[in-house]
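The block underneath contains the structure these notes are about, expressed in structure tokens.
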Amino acid sequence: MTSLRNFLENKGFVRVPLSKLQTGHYQVTLYINDNKGSFILDTGASTSCIGFQDVSTFNLLSEETEIKAAGAGATNMETMISKNNSLRMNLLTLQKVDFVLFNMEHVNNALNQAGENSVHGILGADLLKKLRTVIDYGRNCAYFKK
């Protein structure tokens with residue numbers, strides 16, 4: 001019988017390890033515009049986001065937007081957008097990736113209270129769907145296809 005890993009890798013998927021946090025979330029390392037960052041993989045987040053405080057970390061250009069963000073314990077948050085960024089994880093690279101920018105303080109406060117380090121952002125359903133993501137919870141990894 002073929003393993004999930006062999007099956008997906010033979011179909012062109014790239015395996016990326018995930019770290020399980022005390023909160024139950026999975027953390028993934030991404031390179032945005034060639035700068036390393038820590039992101040939560042969140043199937044429930046509709047869009048991928050980066051915190052306002054990390055705009056310079058990832059060399060992001062931002063634009064005003066009328067969009068308001070809402071998430072775990074916070075609503076009606078101001079946002080901006082950053083377009084045309086590169087995203088890399090392991091052997092997979094995407095160009096022209098957009099991120100919503102917003103205040104991640106409430107997310108990082110919750111992580112810190114659970115004894116975890118802060119993250120730079122969230123890898124959300126927009127990119128997870130685009131990359132045809134398969135999450136292997138038993139092996140703490142995800143498979144992505146461009």
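Identifiers in this document derive from the order of the structure tokens: chains are assigned A, B, ..., residues are numbered from 1 separately in each chain, and ligands are numbered from 1 in order of occurrence.
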7 Å contact set for Val134 in chain A, only C-alpha atoms, chain neighbours under 5 positions out, as a VMD selection string: chain A and resid 142 to 144
Expected file contents, prior selection, all heavy atoms, as a compact mmCIF listing (two decimals), in the first residue's frame:
# COMPACT_ATOMS: atom_id res chain seq x y z
N ALA A 142 2.16 19.32 6.24
CA ALA A 142 1.17 19.67 5.23
C ALA A 142 1.82 19.50 3.87
O ALA A 142 3.06 19.56 3.73
CB ALA A 142 0.69 21.09 5.41
N TYR A 143 1.00 19.25 2.87
CA TYR A 143 1.45 19.10 1.50
C TYR A 143 0.80 20.19 0.67
O TYR A 143 -0.40 20.44 0.80
CB TYR A 143 1.06 17.72 0.96
CG TYR A 143 1.70 16.59 1.71
CD1 TYR A 143 1.10 16.05 2.84
CD2 TYR A 143 2.91 16.07 1.31
CE1 TYR A 143 1.69 15.02 3.54
CE2 TYR A 143 3.53 15.03 2.00
CZ TYR A 143 2.91 14.51 3.11
OH TYR A 143 3.50 13.49 3.81
N PHE A 144 1.62 20.85 -0.14
CA PHE A 144 1.16 21.97 -0.95
C PHE A 144 1.50 21.72 -2.41
O PHE A 144 2.56 21.19 -2.73
CB PHE A 144 1.84 23.27 -0.51
CG PHE A 144 1.60 23.62 0.92
CD1 PHE A 144 2.48 23.22 1.91
CD2 PHE A 144 0.50 24.37 1.30
CE1 PHE A 144 2.29 23.55 3.24
CE2 PHE A 144 0.28 24.71 2.63
CZ PHE A 144 1.18 24.30 3.60
Per residue of range 8-39 of chain A within 12 Å of range 108-127 of chain A, which atom pair is closest and at what distance in Å (one decimal), using only C-alpha atoms, listed by chain and increasing number, as CSV?
residue,atom,partner,partner_atom,distance
A:Ser19,CA,A:Glu116,CA,11.4
A:Lys20,CA,A:Glu116,CA,10.5
A:Leu21,CA,A:Glu116,CA,7.0
A:Gln22,CA,A:Ala114,CA,6.4
A:Thr23,CA,A:Ala114,CA,6.5
A:Gly24,CA,A:Ala114,CA,10.2
A:His25,CA,A:Leu111,CA,9.6
A:Tyr26,CA,A:Leu123,CA,10.2
A:Gln27,CA,A:Val119,CA,8.4
A:Val28,CA,A:Leu123,CA,8.4
A:Thr29,CA,A:Val119,CA,9.8
A:Leu30,CA,A:Leu123,CA,9.1
A:Tyr31,CA,A:His120,CA,10.9
A:Ile32,CA,A:His120,CA,10.4
A:Asn35,CA,A:His120,CA,11.1
A:Lys36,CA,A:His120,CA,9.5
A:Gly37,CA,A:His120,CA,6.0
A:Ser38,CA,A:Val119,CA,5.0
A:Phe39,CA,A:Gly121,CA,4.8
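The closest residue to Leu87 in chain A, picked from A:Ile135, A:Leu41, A:Thr47, A:Asn33 and counting only C-alpha atoms, is A:Asn33.
Backbone DSSP over range 20-138 of chain A yields alpha helix (DSSP H) at Glu105, His106, Val107, Asn108, Asn109, Ala110, Leu111, Asn112, Gln113, Ala125, Asp126, Leu127, Leu128, Lys129 and Lys130 of chain A.
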Mind dumping the selected residues with N, CA and C atoms as a compact mmCIF listing (two decimals), in the first residue's frame?
# COMPACT_ATOMS: atom_id res chain seq x y z
N GLU A 105 -2.08 41.92 17.59
CA GLU A 105 -1.82 41.93 19.02
C GLU A 105 -2.69 40.93 19.79
N HIS A 106 -3.98 40.86 19.46
CA HIS A 106 -4.88 39.94 20.19
C HIS A 106 -4.49 38.48 19.94
N VAL A 107 -4.03 38.16 18.74
CA VAL A 107 -3.60 36.80 18.42
C VAL A 107 -2.33 36.47 19.22
N ASN A 108 -1.36 37.37 19.18
CA ASN A 108 -0.10 37.12 19.86
C ASN A 108 -0.23 37.14 21.38
N ASN A 109 -1.13 37.95 21.91
CA ASN A 109 -1.37 37.93 23.36
C ASN A 109 -1.88 36.56 23.79
N ALA A 110 -2.80 36.00 23.02
CA ALA A 110 -3.34 34.67 23.34
C ALA A 110 -2.24 33.61 23.26
N LEU A 111 -1.39 33.69 22.24
CA LEU A 111 -0.28 32.73 22.13
C LEU A 111 0.68 32.87 23.30
N ASN A 112 1.03 34.11 23.64
CA ASN A 112 1.97 34.37 24.74
C ASN A 112 1.42 33.86 26.07
N GLN A 113 0.12 34.03 26.29
CA GLN A 113 -0.50 33.54 27.53
C GLN A 113 -0.43 32.02 27.63
N ALA A 125 -7.18 30.42 4.40
CA ALA A 125 -7.84 29.58 3.41
C ALA A 125 -7.63 30.04 1.97
N ASP A 126 -7.42 31.33 1.74
CA ASP A 126 -7.19 31.79 0.37
C ASP A 126 -5.98 31.10 -0.26
N LEU A 127 -4.88 31.06 0.46
CA LEU A 127 -3.67 30.41 -0.06
C LEU A 127 -3.72 28.90 0.13
N LEU A 128 -4.34 28.44 1.20
CA LEU A 128 -4.45 26.99 1.41
C LEU A 128 -5.23 26.35 0.26
N LYS A 129 -6.28 27.01 -0.17
CA LYS A 129 -7.07 26.49 -1.30
C LYS A 129 -6.27 26.58 -2.60
N LYS A 130 -5.64 27.71 -2.82
CA LYS A 130 -4.86 27.90 -4.05
C LYS A 130 -3.76 26.84 -4.18
Nearest-residue call for Ser46 in chain A, choices A:Phe58, A:Phe7, A:Phe13, A:Phe99, using only C-alpha atoms: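 Closest candidate: A:Phe99.
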DSSP strand (DSSP E or B) selection over range 12-73 of chain A, as a short mmCIF file (atom, residue, chain, number, x, y, z; two decimals) with N, CA and C atoms, in the first residue's frame:
data_model
loop_
_atom_site.label_atom_id
_atom_site.label_comp_id
_atom_site.auth_asym_id
_atom_site.auth_seq_id
_atom_site.Cartn_x
_atom_site.Cartn_y
_atom_site.Cartn_z
N VAL A 14 4.51 19.30 -2.37
CA VAL A 14 5.71 19.55 -1.58
C VAL A 14 5.34 19.38 -0.10
N ARG A 15 6.13 18.58 0.61
CA ARG A 15 5.88 18.34 2.04
C ARG A 15 6.55 19.43 2.87
N VAL A 16 5.78 20.00 3.82
CA VAL A 16 6.30 21.04 4.70
C VAL A 16 5.98 20.65 6.14
N PRO A 17 6.99 20.59 7.00
CA PRO A 17 6.73 20.25 8.41
C PRO A 17 5.97 21.36 9.13
N SER A 19 4.76 22.70 13.16
CA SER A 19 4.99 22.57 14.60
C SER A 19 3.66 22.76 15.31
N LYS A 20 3.31 21.82 16.18
CA LYS A 20 2.06 21.95 16.93
C LYS A 20 2.31 22.80 18.17
N TYR A 26 -1.29 24.97 14.41
CA TYR A 26 -0.06 24.56 13.76
C TYR A 26 0.68 25.79 13.26
N GLN A 27 2.00 25.78 13.45
CA GLN A 27 2.87 26.86 13.02
C GLN A 27 3.68 26.37 11.83
N VAL A 28 3.85 27.25 10.85
CA VAL A 28 4.64 26.94 9.66
C VAL A 28 5.61 28.09 9.40
N THR A 29 6.80 27.77 8.94
CA THR A 29 7.78 28.78 8.60
C THR A 29 7.64 29.14 7.12
N LEU A 30 7.49 30.41 6.86
CA LEU A 30 7.38 30.92 5.49
C LEU A 30 8.44 31.98 5.27
N TYR A 31 8.80 32.17 4.02
CA TYR A 31 9.68 33.27 3.63
C TYR A 31 8.85 34.20 2.76
N ILE A 32 8.65 35.40 3.25
CA ILE A 32 7.91 36.42 2.52
C ILE A 32 8.93 37.42 2.01
N ASN A 35 12.29 36.91 3.44
CA ASN A 35 12.49 37.11 4.87
C ASN A 35 11.69 36.08 5.65
N LYS A 36 12.37 35.41 6.58
CA LYS A 36 11.79 34.30 7.34
C LYS A 36 10.78 34.79 8.36
N GLY A 37 9.66 34.05 8.45
CA GLY A 37 8.64 34.39 9.43
C GLY A 37 7.90 33.18 9.94
N SER A 38 7.26 33.34 11.07
CA SER A 38 6.47 32.30 11.71
C SER A 38 4.99 32.62 11.52
N PHE A 39 4.23 31.66 10.97
CA PHE A 39 2.83 31.86 10.67
C PHE A 39 1.99 30.72 11.23
N ILE A 40 0.78 31.04 11.65
CA ILE A 40 -0.17 30.02 12.04
C ILE A 40 -0.89 29.55 10.78
N LEU A 41 -1.01 28.25 10.61
CA LEU A 41 -1.81 27.69 9.53
C LEU A 41 -3.23 27.63 10.07
N CYS A 49 -2.81 36.76 6.40
CA CYS A 49 -2.59 38.06 7.03
C CYS A 49 -1.17 38.18 7.58
N ILE A 50 -0.72 39.41 7.70
CA ILE A 50 0.53 39.74 8.38
C ILE A 50 0.24 40.92 9.30
N GLY A 51 0.87 40.93 10.46
CA GLY A 51 0.66 42.00 11.42
C GLY A 51 1.29 43.31 10.97
N GLU A 63 -1.26 49.36 0.95
CA GLU A 63 -2.24 50.27 0.39
C GLU A 63 -3.43 50.35 1.35
N GLU A 64 -4.10 51.50 1.33
CA GLU A 64 -5.31 51.66 2.12
C GLU A 64 -6.39 50.74 1.57
N THR A 65 -7.29 50.32 2.44
CA THR A 65 -8.43 49.51 2.04
C THR A 65 -9.60 49.82 2.96
N GLU A 66 -10.79 49.60 2.45
CA GLU A 66 -12.01 49.81 3.24
C GLU A 66 -12.42 48.56 4.01
N ILE A 67 -11.71 47.47 3.79
CA ILE A 67 -12.05 46.19 4.39
C ILE A 67 -11.80 46.24 5.90
N LYS A 68 -12.74 45.70 6.66
CA LYS A 68 -12.58 45.55 8.10
C LYS A 68 -12.36 44.08 8.40
N ALA A 69 -11.54 43.80 9.39
CA ALA A 69 -11.23 42.41 9.75
C ALA A 69 -11.95 42.04 11.04
N ALA A 70 -12.24 40.76 11.16
CA ALA A 70 -12.81 40.21 12.39
C ALA A 70 -12.18 38.86 12.63
N GLY A 71 -11.98 38.52 13.86
CA GLY A 71 -11.40 37.23 14.20
C GLY A 71 -11.48 37.00 15.67
#
Which residue of A:Thr2, A:Leu18, A:Gly44, A:Leu131 approaches Leu94 in chain A most closely, using only C-alpha atoms: A:Leu131
Residue with smallest distance to Thr43 in chain A - pool A:Lys11, A:Ser62, A:Thr133, A:Ser3, counting only C-alpha atoms: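 Between A:Lys11, A:Ser62, A:Thr133, A:Ser3, the residue approaching Thr43 in chain A most closely is A:Thr133.
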Å distance separating CA of Ser82 in chain A from CA of Arg132 in chain A, one decimal place: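 Rounded to one decimal, the two atoms are 22.6 Å apart.
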Atom-to-atom span, CA of Met77 in chain A and CA of Lys96 in chain A, Å: 24.7 Å
Nearest residue to Leu61 in chain A from the set A:Asn84, A:Asn140, A:Thr93, A:Thr79 (distances using only C-alpha atoms):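 Checking each candidate against Leu61 in chain A, we get A:Asn84 as the closest.
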